[in-house]
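A.B. asks: Mind looking over this structure? Questions follow.
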Amino acid sequence: MVLSTALVTCMSVSVGQAQTMAQAEGATEQQAPIREYDFDIKAGPLSAVLNRFADITDMQLVYSAEIVQGQSSSGLAGRFSAPQALYAILSEGGFVFEIRGPGMVIINQLSAGDDDAVMLSPTIAMAERPTGVVIDRSNTGRAVIGHEALGALDLGAGDPMDAFDQLPNVAFSEGRFTTSEDNLQSLLPEEVSISGGDIYSNLVTFDGLQTKNYAYDISSDVPAHYDKLGVSTTHMVFLNSGLLEQVAVQDSNISAKYTGFSGGVIEFETRDPGTGFGGSLAGKYSADWLTSYLEGDEEEVGEIDEGTPQNEKYTLSGVIDIPITDKLYSMFGVGYKKSTVQRQISEAYSAYKGATVGTSDETMQFLAKLMHNISDNDTVVLSANITPFNSEFTRSNTYGDDQVAKSLSYMNFVEWRREAGGFSANIKAYFSNSGFKREAPDGFAYYYNQSYDGFYGEPNAATDVCDNERCSVGGFGDIETNQKSYGLVSDFSQKTDFGDLNFGLKWESYKLRSERFNQSSSYSFSYLFQDDDTNIVCADANDPYCIEGAQAIMRRATYPAYDIRVDLNTFDAYAELDGEKALQGFLQNIRYRFGLSATYEDFLENFQLAPRFTIGVDFADHWSLDVGANRYYERDLLTYALQNEKPLFIHENRDYIQDGNDYIVGNDWYLYREFGTTTGYGLSDLETPYTDELTAAVTYFDPDGLGTLRLKGIYRDEKEQISRITTLEETTYFLNGDYRTVDRRIFRAANDGYSTYRGLSLEWNKSFENHFLSLTATWSKTTTSNTDYFTDTEDQYEPLVYIEDPIQAENAETLDDQVIADAIITKDELKIRRAEFSVPWKFTAYWSAKWLEGKLRTSIDATYSPKYTTIEDTGVNRNYDGNRYDVYSVVDRKNRLRANLYAGYVIEFGNDNAVMLTLRANNLFNSRTHTATIGAPYEIGRNFVFGFESTF
């Protein structure tokens, strides 16, 4: 939401009073330390000077344009805290200011002889400084997306990940805008690759606590799979963008404080409770009738014989601040999202299920915070975040299969903060839970349609549920994967003559559980039919897979119940010296950050040391150079551990007894076939995957002139990546009463994977008056040996791949950079450019502005990627000289332009109440995304989202 909750003043002083406070600042050890900044602000109009102050401190200044109109300031030069700088800047105009929580300052002007500030409308107060994706001047790998930009960049589903489109070195899935029914319905957070990493290699935190889902299964993308949930995400907590204060994203040069990743770091942050009573409410709505759907090309999708998608989405979020005492404050937030899609049912089943069936995703977020200032130096925070989630699903070609995936995730913590003198401490103890449970019918079967022409027997309502010869019915039962975690996280900082000495300790424990509650079976083999000479008799009248006088299914695949538990304990420690302007003399323009992290986890029993080094120098006016060398270790192997323990399914038979013409079918099943293991995902002696990184950035910083400009390069090599190898091994299995020995494919985990990332980005942004502008251009190249941890890097059974089309060196590489066509090569000789989360060139633009004294807010954001060519597995196999090969081919990706418009108009109701009506037009120019497929022949064109945001 753009509009801020109205808050009561926690500091309101005149400039004269403030000067006395400034002199006392830091005078005693009990006084909390205040960060200092380097200011070099030229004299000029007061509004321009305040904007420069806001750029340097990244604080939100709130004031009315009238009170600074015609006012000037002599500027400011030197190193000061933010309050000291404001005292100096505002010393000539009779102003007062109020600090309203972290990062926000309210400025007012006293009337003659008046000692009290007149409070402004929150609408006008928030109107002065539009924001976007802000470049962090002191940290070259970090960008911050504030609350206002999160709202403006939200595509309509309340997903804060939408704003990542504006970031360099961040890539979304190629299928992000497909119109498949699953995609249109999904309210799961979008997945991203950061600096070439896998989507499961990012560190995701919520208020400083990691929320990574270690049970994430990248292969779990089929909702009706016999043994996979079909709903999975790398995020443990589902968030509504309306409840977030900001999101910080780090793509490189990452502090030693952060561990357990090899991609990037995503930090979701909620704000602290306000000191005064107030609240806000917001909502958004979109539907198919507000959307233009574009048909895919005929060569891509074939002939289209279905109507356009039918879907609807809406979100609601609200926050209220309730002060309890002058030291005890509370905040409560709630978010709600629902997405509904009408699923097209195949013609053969439509007479029985209906032409369409509506299914939905639904999620809520409950957030509560209690903050107690127990002393001048100490604060205690209690936080609870609960997010229930439901996702419905039904297949187009199965009857009686309705299922729902449910989740109840929560993140609860208690936090102690202390700041005294030059020392600060932050300690958190937390407990969290996440996971999904699929509730589905127990038992799947293929019945022969007894109403079908030629079938011997009477029509039957249980079997005749389609117009085909065979009808599928039912599902694969209930399964669940759950992750519980708890931990203790501590961070400390001490100011020294050489900079800030930061250090910390962290212990976290994870308990994963994967469970099938009851045995489930699939009945689809070996049928017994009634004819003129036989009569089917069911010994068990309640047996649904024996139809008296018609048919009986005599073999089934049985999926045993299981309860698998895996534990992981991690221990992390780090120390880092962060010196910005800490040196003196000719070294005063040098800054540095030297850190080392130590990690141990008891699953692989590996201990790692990861150095992190950054050094920077201001080599000319406004110009700086920063270089870094870093190592990151990831932590993501528990999916393999769960998979390794799952029992394989078996085949069971049953017999019949012949009594004259009667075939009496019993319900006693016995083992027919027991499969030897094929998934021995052995995890012993594995190394922890890691990434080595080199980065360099040149930054020009002059907010009064050109703005902030940065050229940054990232060079990454990921090594020891987890992959799968397939070998042929002798195994023994049971078949129809005998034990047999054969060579079978065995899957094992290995450290054979690798990937590389090369990225070069140019970023620019500038704030001036009521405008914020941002432009980025990014070139990147990602190559990998395997696209995920279930992809083979070595396969003794299928070690070769077939190259179908001529592949030029500039399109895809072999080790020798040779041009190949109609050739068979080994997988080891083929470097695959990651096509799913990798675009070679990406350009973005963002412009936000405020007009009519802030009552009208607008923004335009756009992304453009030129056409490019890549190589990928076509999913087709080809027989060649008696052998069967995976076919790789050249794929052309067409250029894409996507521009979006956001507008909001504020209507005031008194001093403390306002509502803003909003409109967002996604894909403003109705451009093709080239994501249409045979299964989803339409693309999302222009789409409108209506909304409102209010404060009270």
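So you can find residues: chains in the structure tokens are A, B, ... in the order shown, residues in each start at 1, and ligands are numbered from 1 in order.
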Just want the 9 Å neighbourhood of range 178-190 of chain A, counted on only C-alpha atoms, with same-chain residues fewer than 6 positions away dropped. Output as a compact mmCIF listing (two decimals) with all heavy atoms, in the first residue's frame.
C.D. replies:
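Wrote it out as result01.txt, contents follow:
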```txt
# COMPACT_ATOMS: atom_id res chain seq x y z
N ALA A 157 -1.79 -9.90 -7.96
CA ALA A 157 -2.02 -11.04 -7.08
C ALA A 157 -1.36 -10.86 -5.72
O ALA A 157 -1.30 -11.79 -4.93
CB ALA A 157 -1.52 -12.32 -7.73
N GLY A 158 -0.80 -9.68 -5.45
CA GLY A 158 -0.19 -9.43 -4.16
C GLY A 158 1.11 -10.16 -3.94
O GLY A 158 1.52 -10.39 -2.80
N ASP A 159 1.81 -10.52 -5.03
CA ASP A 159 3.07 -11.24 -4.92
C ASP A 159 4.22 -10.23 -4.96
O ASP A 159 4.46 -9.58 -5.98
CB ASP A 159 3.21 -12.23 -6.07
CG ASP A 159 4.46 -13.09 -5.97
OD1 ASP A 159 5.22 -12.93 -4.99
OD2 ASP A 159 4.67 -13.94 -6.86
N PRO A 160 4.99 -10.09 -3.87
CA PRO A 160 6.09 -9.12 -3.88
C PRO A 160 7.18 -9.46 -4.88
O PRO A 160 7.97 -8.60 -5.25
CB PRO A 160 6.61 -9.18 -2.44
CG PRO A 160 6.16 -10.49 -1.91
CD PRO A 160 4.86 -10.78 -2.58
N MET A 161 7.23 -10.71 -5.35
CA MET A 161 8.25 -11.10 -6.32
C MET A 161 8.05 -10.39 -7.66
O MET A 161 9.00 -10.29 -8.45
CB MET A 161 8.22 -12.61 -6.53
CG MET A 161 8.37 -13.45 -5.27
SD MET A 161 9.99 -13.28 -4.51
CE MET A 161 10.96 -14.27 -5.62
N ASP A 162 6.86 -9.88 -7.93
CA ASP A 162 6.61 -9.19 -9.20
C ASP A 162 7.57 -8.02 -9.42
O ASP A 162 7.96 -7.72 -10.55
CB ASP A 162 5.16 -8.68 -9.27
CG ASP A 162 4.15 -9.80 -9.43
OD1 ASP A 162 4.53 -10.87 -9.92
OD2 ASP A 162 2.98 -9.59 -9.06
N PHE A 172 13.19 -14.68 -14.35
CA PHE A 172 11.98 -15.44 -14.08
C PHE A 172 11.89 -16.63 -15.05
O PHE A 172 12.62 -16.71 -16.04
CB PHE A 172 10.74 -14.57 -14.25
CG PHE A 172 10.52 -13.57 -13.16
CD1 PHE A 172 11.17 -12.34 -13.17
CD2 PHE A 172 9.67 -13.85 -12.11
CE1 PHE A 172 10.98 -11.41 -12.17
CE2 PHE A 172 9.46 -12.92 -11.10
CZ PHE A 172 10.11 -11.70 -11.13
N VAL A 231 2.27 -29.56 -5.67
CA VAL A 231 2.30 -28.17 -5.24
C VAL A 231 3.53 -28.02 -4.36
O VAL A 231 3.65 -28.67 -3.33
CB VAL A 231 1.04 -27.77 -4.44
CG1 VAL A 231 1.15 -26.34 -3.94
CG2 VAL A 231 -0.19 -27.95 -5.29
N SER A 232 4.45 -27.18 -4.78
CA SER A 232 5.67 -27.02 -4.01
C SER A 232 6.28 -25.65 -4.32
O SER A 232 6.12 -25.13 -5.42
CB SER A 232 6.68 -28.13 -4.34
OG SER A 232 7.76 -28.13 -3.44
N THR A 233 6.97 -25.10 -3.35
CA THR A 233 7.60 -23.80 -3.52
C THR A 233 8.85 -23.74 -2.66
O THR A 233 8.93 -24.42 -1.63
CB THR A 233 6.64 -22.66 -3.14
OG1 THR A 233 7.34 -21.41 -3.20
CG2 THR A 233 6.08 -22.84 -1.75
N THR A 234 9.82 -22.95 -3.08
CA THR A 234 11.03 -22.79 -2.29
C THR A 234 10.79 -21.92 -1.06
O THR A 234 11.61 -21.90 -0.15
CB THR A 234 12.15 -22.15 -3.13
OG1 THR A 234 11.74 -20.86 -3.58
CG2 THR A 234 12.47 -23.01 -4.34
N HIS A 235 9.66 -21.20 -1.02
CA HIS A 235 9.35 -20.30 0.09
C HIS A 235 8.56 -21.05 1.16
O HIS A 235 7.68 -21.84 0.86
CB HIS A 235 8.52 -19.11 -0.38
CG HIS A 235 9.21 -18.26 -1.40
ND1 HIS A 235 9.60 -16.97 -1.16
CD2 HIS A 235 9.59 -18.52 -2.67
CE1 HIS A 235 10.19 -16.47 -2.23
NE2 HIS A 235 10.19 -17.40 -3.16
N PHE A 238 4.13 -17.63 2.87
CA PHE A 238 3.48 -16.94 1.76
C PHE A 238 3.13 -15.52 2.22
O PHE A 238 2.44 -15.35 3.22
CB PHE A 238 2.22 -17.69 1.32
CG PHE A 238 2.45 -19.14 1.09
CD1 PHE A 238 1.61 -20.09 1.64
CD2 PHE A 238 3.53 -19.59 0.35
CE1 PHE A 238 1.83 -21.44 1.45
CE2 PHE A 238 3.76 -20.93 0.13
CZ PHE A 238 2.91 -21.86 0.69
N LEU A 239 3.57 -14.53 1.45
CA LEU A 239 3.48 -13.15 1.89
C LEU A 239 2.59 -12.34 0.97
O LEU A 239 2.54 -12.57 -0.24
CB LEU A 239 4.87 -12.52 1.96
CG LEU A 239 5.86 -13.22 2.90
CD1 LEU A 239 7.24 -12.63 2.74
CD2 LEU A 239 5.40 -13.11 4.34
N TYR A 293 -6.92 -11.72 -24.34
CA TYR A 293 -6.13 -12.93 -24.57
C TYR A 293 -5.72 -13.01 -26.04
O TYR A 293 -6.55 -12.82 -26.93
CB TYR A 293 -6.90 -14.18 -24.15
CG TYR A 293 -7.06 -14.29 -22.67
CD1 TYR A 293 -8.27 -13.95 -22.05
CD2 TYR A 293 -6.01 -14.72 -21.87
CE1 TYR A 293 -8.42 -14.04 -20.67
CE2 TYR A 293 -6.14 -14.82 -20.49
CZ TYR A 293 -7.35 -14.48 -19.90
OH TYR A 293 -7.49 -14.56 -18.55
N PRO A 309 -9.50 -18.34 -21.59
CA PRO A 309 -9.56 -18.70 -20.16
C PRO A 309 -10.57 -17.86 -19.40
O PRO A 309 -10.83 -16.71 -19.72
CB PRO A 309 -8.13 -18.43 -19.68
CG PRO A 309 -7.28 -18.50 -20.91
CD PRO A 309 -8.14 -17.97 -22.02
N ASN A 311 -11.03 -16.66 -15.55
CA ASN A 311 -10.38 -16.61 -14.25
C ASN A 311 -10.66 -15.29 -13.55
O ASN A 311 -11.08 -14.31 -14.18
CB ASN A 311 -8.87 -16.82 -14.40
CG ASN A 311 -8.21 -15.70 -15.18
OD1 ASN A 311 -8.46 -15.54 -16.37
ND2 ASN A 311 -7.38 -14.92 -14.53
N GLU A 312 -10.41 -15.26 -12.25
CA GLU A 312 -10.69 -14.09 -11.43
C GLU A 312 -9.72 -14.09 -10.25
O GLU A 312 -9.42 -15.14 -9.68
CB GLU A 312 -12.14 -14.14 -10.93
CG GLU A 312 -12.58 -12.95 -10.10
CD GLU A 312 -14.01 -13.10 -9.63
OE1 GLU A 312 -14.33 -14.14 -9.00
OE2 GLU A 312 -14.82 -12.20 -9.89
N LYS A 313 -9.20 -12.90 -9.91
CA LYS A 313 -8.30 -12.77 -8.76
C LYS A 313 -8.66 -11.52 -7.97
O LYS A 313 -9.01 -10.50 -8.56
CB LYS A 313 -6.84 -12.65 -9.21
CG LYS A 313 -6.24 -13.92 -9.76
CD LYS A 313 -4.77 -13.73 -10.12
CE LYS A 313 -4.19 -15.02 -10.70
NZ LYS A 313 -2.77 -14.85 -11.09
N LYS A 337 -6.04 -13.50 -0.25
CA LYS A 337 -5.95 -13.58 -1.70
C LYS A 337 -6.72 -14.81 -2.18
O LYS A 337 -6.68 -15.87 -1.56
CB LYS A 337 -4.49 -13.69 -2.16
CG LYS A 337 -3.63 -12.52 -1.78
CD LYS A 337 -2.27 -12.55 -2.47
CE LYS A 337 -1.34 -13.56 -1.86
NZ LYS A 337 0.04 -13.46 -2.42
N LYS A 338 -7.41 -14.64 -3.30
CA LYS A 338 -8.12 -15.77 -3.89
C LYS A 338 -8.04 -15.67 -5.40
O LYS A 338 -8.21 -14.59 -5.98
CB LYS A 338 -9.59 -15.80 -3.45
CG LYS A 338 -10.32 -17.06 -3.95
CD LYS A 338 -11.70 -17.19 -3.33
CE LYS A 338 -12.35 -18.50 -3.75
NZ LYS A 338 -13.70 -18.67 -3.14
N SER A 339 -7.79 -16.78 -6.03
CA SER A 339 -7.71 -16.87 -7.49
C SER A 339 -8.53 -18.07 -7.94
O SER A 339 -8.32 -19.19 -7.47
CB SER A 339 -6.25 -17.03 -7.94
OG SER A 339 -6.17 -17.27 -9.32
N THR A 340 -9.46 -17.83 -8.85
CA THR A 340 -10.36 -18.88 -9.33
C THR A 340 -10.23 -19.03 -10.83
O THR A 340 -10.11 -18.03 -11.56
CB THR A 340 -11.82 -18.56 -8.98
OG1 THR A 340 -11.94 -18.41 -7.56
CG2 THR A 340 -12.76 -19.66 -9.45
N VAL A 341 -10.23 -20.27 -11.31
CA VAL A 341 -10.17 -20.53 -12.74
C VAL A 341 -11.22 -21.59 -13.08
O VAL A 341 -11.50 -22.49 -12.28
CB VAL A 341 -8.75 -21.01 -13.16
CG1 VAL A 341 -8.42 -22.36 -12.54
CG2 VAL A 341 -8.61 -21.07 -14.67
N GLN A 342 -11.82 -21.44 -14.25
CA GLN A 342 -12.75 -22.45 -14.76
C GLN A 342 -11.96 -23.42 -15.64
O GLN A 342 -11.47 -23.05 -16.70
CB GLN A 342 -13.88 -21.79 -15.56
CG GLN A 342 -14.78 -20.90 -14.73
CD GLN A 342 -15.56 -21.67 -13.68
OE1 GLN A 342 -16.02 -22.80 -13.93
NE2 GLN A 342 -15.70 -21.09 -12.49
N ARG A 343 -11.85 -24.65 -15.19
CA ARG A 343 -11.06 -25.66 -15.93
C ARG A 343 -11.92 -26.31 -17.00
O ARG A 343 -13.04 -26.77 -16.73
CB ARG A 343 -10.51 -26.72 -14.98
CG ARG A 343 -9.48 -26.16 -14.01
CD ARG A 343 -8.90 -27.23 -13.10
NE ARG A 343 -7.90 -26.67 -12.22
CZ ARG A 343 -6.60 -26.64 -12.48
NH1 ARG A 343 -6.16 -27.18 -13.61
NH2 ARG A 343 -5.75 -26.12 -11.62
N GLN A 344 -11.37 -26.36 -18.21
CA GLN A 344 -12.08 -26.98 -19.32
C GLN A 344 -12.04 -28.50 -19.16
O GLN A 344 -10.97 -29.09 -18.99
CB GLN A 344 -11.43 -26.58 -20.65
CG GLN A 344 -11.44 -25.09 -20.93
CD GLN A 344 -12.81 -24.58 -21.33
OE1 GLN A 344 -13.62 -25.33 -21.88
NE2 GLN A 344 -13.07 -23.31 -21.07
N THR A 359 -12.06 -24.22 -9.89
CA THR A 359 -11.13 -24.53 -8.80
C THR A 359 -10.42 -23.24 -8.41
O THR A 359 -10.36 -22.29 -9.19
CB THR A 359 -10.10 -25.59 -9.21
OG1 THR A 359 -9.33 -25.10 -10.34
CG2 THR A 359 -10.77 -26.89 -9.59
N SER A 360 -9.86 -23.21 -7.21
CA SER A 360 -9.27 -21.97 -6.73
C SER A 360 -8.06 -22.22 -5.85
O SER A 360 -7.89 -23.30 -5.27
CB SER A 360 -10.32 -21.15 -5.95
OG SER A 360 -10.71 -21.84 -4.78
N ASP A 361 -7.21 -21.20 -5.78
CA ASP A 361 -6.18 -21.07 -4.76
C ASP A 361 -6.65 -20.00 -3.79
O ASP A 361 -7.22 -18.97 -4.20
CB ASP A 361 -4.85 -20.64 -5.36
CG ASP A 361 -4.04 -21.81 -5.88
OD1 ASP A 361 -4.63 -22.91 -6.04
OD2 ASP A 361 -2.85 -21.64 -6.18
N GLU A 362 -6.41 -20.22 -2.52
CA GLU A 362 -6.87 -19.28 -1.50
C GLU A 362 -5.83 -19.25 -0.38
O GLU A 362 -5.41 -20.29 0.11
CB GLU A 362 -8.22 -19.71 -0.96
CG GLU A 362 -8.90 -18.72 -0.05
CD GLU A 362 -10.32 -19.16 0.31
OE1 GLU A 362 -10.60 -20.38 0.18
OE2 GLU A 362 -11.12 -18.32 0.71
N THR A 363 -5.42 -18.06 0.01
CA THR A 363 -4.43 -17.93 1.07
C THR A 363 -4.74 -16.71 1.92
O THR A 363 -5.29 -15.72 1.44
CB THR A 363 -3.00 -17.84 0.50
OG1 THR A 363 -2.07 -17.76 1.58
CG2 THR A 363 -2.84 -16.61 -0.37
N SER A 391 -5.21 -25.15 -2.25
CA SER A 391 -5.17 -25.18 -3.71
C SER A 391 -5.98 -26.37 -4.20
O SER A 391 -5.65 -27.52 -3.89
CB SER A 391 -3.72 -25.28 -4.21
OG SER A 391 -3.68 -25.31 -5.62
N PHE A 393 -7.77 -28.81 -7.22
CA PHE A 393 -7.38 -29.33 -8.53
C PHE A 393 -8.32 -30.45 -8.95
O PHE A 393 -8.80 -31.22 -8.11
CB PHE A 393 -5.94 -29.87 -8.50
CG PHE A 393 -5.50 -30.50 -9.79
CD1 PHE A 393 -5.13 -29.71 -10.87
CD2 PHE A 393 -5.47 -31.88 -9.94
CE1 PHE A 393 -4.72 -30.28 -12.06
CE2 PHE A 393 -5.06 -32.47 -11.13
CZ PHE A 393 -4.69 -31.66 -12.19
N THR A 929 3.89 -12.42 -25.68
CA THR A 929 4.94 -12.94 -24.81
C THR A 929 5.55 -14.22 -25.38
O THR A 929 6.54 -14.71 -24.86
CB THR A 929 4.39 -13.24 -23.41
OG1 THR A 929 3.29 -14.17 -23.53
CG2 THR A 929 3.91 -11.97 -22.75
N HIS A 930 4.93 -14.76 -26.44
CA HIS A 930 5.41 -15.97 -27.11
C HIS A 930 5.55 -17.12 -26.13
O HIS A 930 6.54 -17.86 -26.14
CB HIS A 930 6.73 -15.69 -27.83
CG HIS A 930 6.67 -14.55 -28.80
ND1 HIS A 930 5.99 -14.64 -30.00
CD2 HIS A 930 7.15 -13.28 -28.73
CE1 HIS A 930 6.08 -13.49 -30.64
NE2 HIS A 930 6.77 -12.65 -29.89
N THR A 931 4.55 -17.29 -25.29
CA THR A 931 4.54 -18.39 -24.33
C THR A 931 3.41 -19.38 -24.60
O THR A 931 3.20 -20.29 -23.81
CB THR A 931 4.39 -17.84 -22.91
OG1 THR A 931 3.21 -17.02 -22.84
CG2 THR A 931 5.60 -17.00 -22.51
N ALA A 932 2.68 -19.20 -25.70
CA ALA A 932 1.57 -20.10 -26.01
C ALA A 932 2.10 -21.49 -26.36
O ALA A 932 3.16 -21.65 -26.97
CB ALA A 932 0.75 -19.55 -27.17
N THR A 933 1.35 -22.51 -25.95
CA THR A 933 1.68 -23.90 -26.24
C THR A 933 0.42 -24.62 -26.72
O THR A 933 -0.68 -24.05 -26.69
CB THR A 933 2.23 -24.61 -25.00
OG1 THR A 933 1.20 -24.66 -23.99
CG2 THR A 933 3.45 -23.89 -24.44
N GLY A 935 -1.11 -26.98 -25.20
CA GLY A 935 -2.00 -27.14 -24.06
C GLY A 935 -2.57 -25.83 -23.55
O GLY A 935 -3.60 -25.83 -22.87
N ALA A 936 -1.89 -24.72 -23.84
CA ALA A 936 -2.35 -23.39 -23.41
C ALA A 936 -2.17 -22.44 -24.58
O ALA A 936 -1.19 -21.70 -24.65
CB ALA A 936 -1.57 -22.92 -22.19
N PRO A 937 -3.11 -22.45 -25.54
CA PRO A 937 -2.89 -21.76 -26.83
C PRO A 937 -3.03 -20.25 -26.78
O PRO A 937 -2.85 -19.60 -27.81
CB PRO A 937 -3.97 -22.37 -27.71
CG PRO A 937 -5.08 -22.74 -26.78
CD PRO A 937 -4.40 -23.17 -25.51
N TYR A 938 -3.35 -19.68 -25.62
CA TYR A 938 -3.50 -18.23 -25.53
C TYR A 938 -2.36 -17.63 -24.70
O TYR A 938 -1.71 -18.31 -23.90
CB TYR A 938 -4.84 -17.86 -24.88
CG TYR A 938 -6.04 -18.24 -25.70
CD1 TYR A 938 -6.72 -19.43 -25.46
CD2 TYR A 938 -6.51 -17.41 -26.72
CE1 TYR A 938 -7.83 -19.79 -26.21
CE2 TYR A 938 -7.62 -17.76 -27.48
CZ TYR A 938 -8.28 -18.96 -27.22
OH TYR A 938 -9.37 -19.31 -27.96
N GLU A 939 -2.14 -16.33 -24.91
CA GLU A 939 -1.21 -15.56 -24.10
C GLU A 939 -1.96 -14.42 -23.43
O GLU A 939 -2.98 -13.95 -23.93
CB GLU A 939 -0.09 -15.00 -24.97
CG GLU A 939 0.74 -16.06 -25.67
CD GLU A 939 1.75 -15.44 -26.63
OE1 GLU A 939 1.87 -14.19 -26.64
OE2 GLU A 939 2.42 -16.19 -27.35
N ILE A 940 -1.44 -13.98 -22.30
CA ILE A 940 -2.06 -12.87 -21.59
C ILE A 940 -1.68 -11.56 -22.25
O ILE A 940 -0.50 -11.21 -22.32
CB ILE A 940 -1.64 -12.85 -20.11
CG1 ILE A 940 -2.05 -14.15 -19.43
CG2 ILE A 940 -2.25 -11.65 -19.39
CD1 ILE A 940 -1.57 -14.27 -18.01
```
A.B. asks: Mind dumping a table of every range 565-677 of chain A residue within 6 Å of range 485-501 of chain A, with the nearest atom pair and its distance in Å to one decimal, using only C-alpha atoms, sorted by chain and rising number, as a tab-separated table?
C.D. replies:
```
residue	atom	partner	partner_atom	distance
A:Glu576	CA	A:Leu501	CA	5.8
A:Leu577	CA	A:Leu501	CA	4.6
A:Asp578	CA	A:Asp500	CA	5.0
A:Gly579	CA	A:Gly499	CA	3.9
A:Ala582	CA	A:Gly499	CA	5.3
```
A.B. asks: Env of Asn922 in chain A: 6 Å cut, atoms = only C-alpha atoms, seq-sep filter 3 positions within chain, self excluded. Answer as a compact mmCIF listing (two decimals) with all heavy atoms, in the first residue's frame.
C.D. replies:
```txt
# COMPACT_ATOMS: atom_id res chain seq x y z
N ASN A 900 3.92 -1.61 -18.39
CA ASN A 900 2.79 -1.56 -17.48
C ASN A 900 2.61 -0.14 -16.95
O ASN A 900 3.58 0.59 -16.72
CB ASN A 900 3.01 -2.51 -16.30
CG ASN A 900 3.44 -3.90 -16.74
OD1 ASN A 900 2.71 -4.58 -17.43
ND2 ASN A 900 4.63 -4.31 -16.34
N ARG A 942 -3.28 -7.40 -22.77
CA ARG A 942 -3.52 -6.27 -21.86
C ARG A 942 -4.47 -6.72 -20.76
O ARG A 942 -5.49 -7.38 -20.99
CB ARG A 942 -4.11 -5.10 -22.62
CG ARG A 942 -4.23 -3.82 -21.80
CD ARG A 942 -4.85 -2.69 -22.60
NE ARG A 942 -4.04 -2.34 -23.76
CZ ARG A 942 -4.38 -2.61 -25.02
NH1 ARG A 942 -5.52 -3.25 -25.28
NH2 ARG A 942 -3.59 -2.27 -26.02
N ASN A 943 -4.12 -6.33 -19.54
CA ASN A 943 -4.89 -6.77 -18.38
C ASN A 943 -5.03 -5.60 -17.40
O ASN A 943 -4.05 -4.93 -17.08
CB ASN A 943 -4.18 -7.95 -17.70
CG ASN A 943 -4.65 -8.18 -16.28
OD1 ASN A 943 -3.89 -7.97 -15.35
ND2 ASN A 943 -5.88 -8.63 -16.12
```
A.B. asks: Quick one: residues within 6 Å of Lys719 in chain A, only C-alpha atoms, excluding same-chain residues fewer than 5 positions away - as a ChimeraX atom specification?
C.D. replies: /A:689-690,754
A.B. asks: Could you pull the residues within 9 Å of Leu86 in chain A, counting only C-alpha atoms, minus those fewer than 3 positions along the same chain, as number ranges by chain?
C.D. replies: A: 15, 50, 53, 81-83, 89-91, 97
A.B. asks: Do you have, as CSV, the list of residues of range 508-567 of chain A lying at most 12 Å from range 598-606 of chain A, each with its nearest atom pair and that distance in Å to one decimal, counting only C-alpha atoms and ordered by chain then number?
C.D. replies:
```
residue,atom,partner,partner_atom,distance
A:Glu508,CA,A:Glu601,CA,9.6
A:Ser509,CA,A:Glu601,CA,9.7
A:Tyr510,CA,A:Phe603,CA,10.6
A:Lys511,CA,A:Phe603,CA,11.6
A:Val566,CA,A:Phe603,CA,8.9
A:Asp567,CA,A:Phe603,CA,7.5
```
A.B. asks: Smallest atom-to-atom distance to Tyr672 in chain A: which of A:Glu515, A:Tyr656, A:His771, A:Arg556, using only C-alpha atoms?
C.D. replies: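 For Tyr672 in chain A, the nearest of the candidates is A:Arg556.
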A.B. asks: Enumerate the residues of range 184-339 of chain A with a DSSP assignment of helix (DSSP H, G or I), computed from the backbone, and present them as JSON, numbers by chain.
C.D. replies: {"A": [184, 185, 199, 200, 201, 241, 242, 243, 288, 289, 290, 298, 299, 300, 301]}
A.B. asks: What does the file look like for those residues with C-alpha atoms, as a PDB file, in the first residue's frame?
C.D. replies:
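Ended up saving to selection34.pdb:
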```
ATOM      1  CA  LEU A 184      -3.596 -18.768 -13.959  1.00  0.00           C
ATOM      2  CA  GLN A 185      -4.876 -20.224 -10.696  1.00  0.00           C
ATOM      3  CA  ILE A 199      15.733 -21.306  -7.930  1.00  0.00           C
ATOM      4  CA  TYR A 200      16.246 -23.480  -4.840  1.00  0.00           C
ATOM      5  CA  SER A 201      19.712 -22.002  -4.177  1.00  0.00           C
ATOM      6  CA  SER A 241       2.996  -7.421  -0.617  1.00  0.00           C
ATOM      7  CA  GLY A 242       0.569  -5.087   1.133  1.00  0.00           C
ATOM      8  CA  LEU A 243       1.941  -6.148   4.539  1.00  0.00           C
ATOM      9  CA  ASP A 288     -10.905 -12.452 -17.525  1.00  0.00           C
ATOM     10  CA  TRP A 289     -13.367  -9.757 -18.598  1.00  0.00           C
ATOM     11  CA  LEU A 290     -10.614  -7.213 -17.869  1.00  0.00           C
ATOM     12  CA  GLU A 298      -0.595 -21.808 -35.543  1.00  0.00           C
ATOM     13  CA  GLU A 299       2.791 -23.509 -35.874  1.00  0.00           C
ATOM     14  CA  GLU A 300       3.171 -23.236 -32.075  1.00  0.00           C
ATOM     15  CA  VAL A 301      -0.296 -24.275 -30.916  1.00  0.00           C
TER      16      VAL A 301
END
```
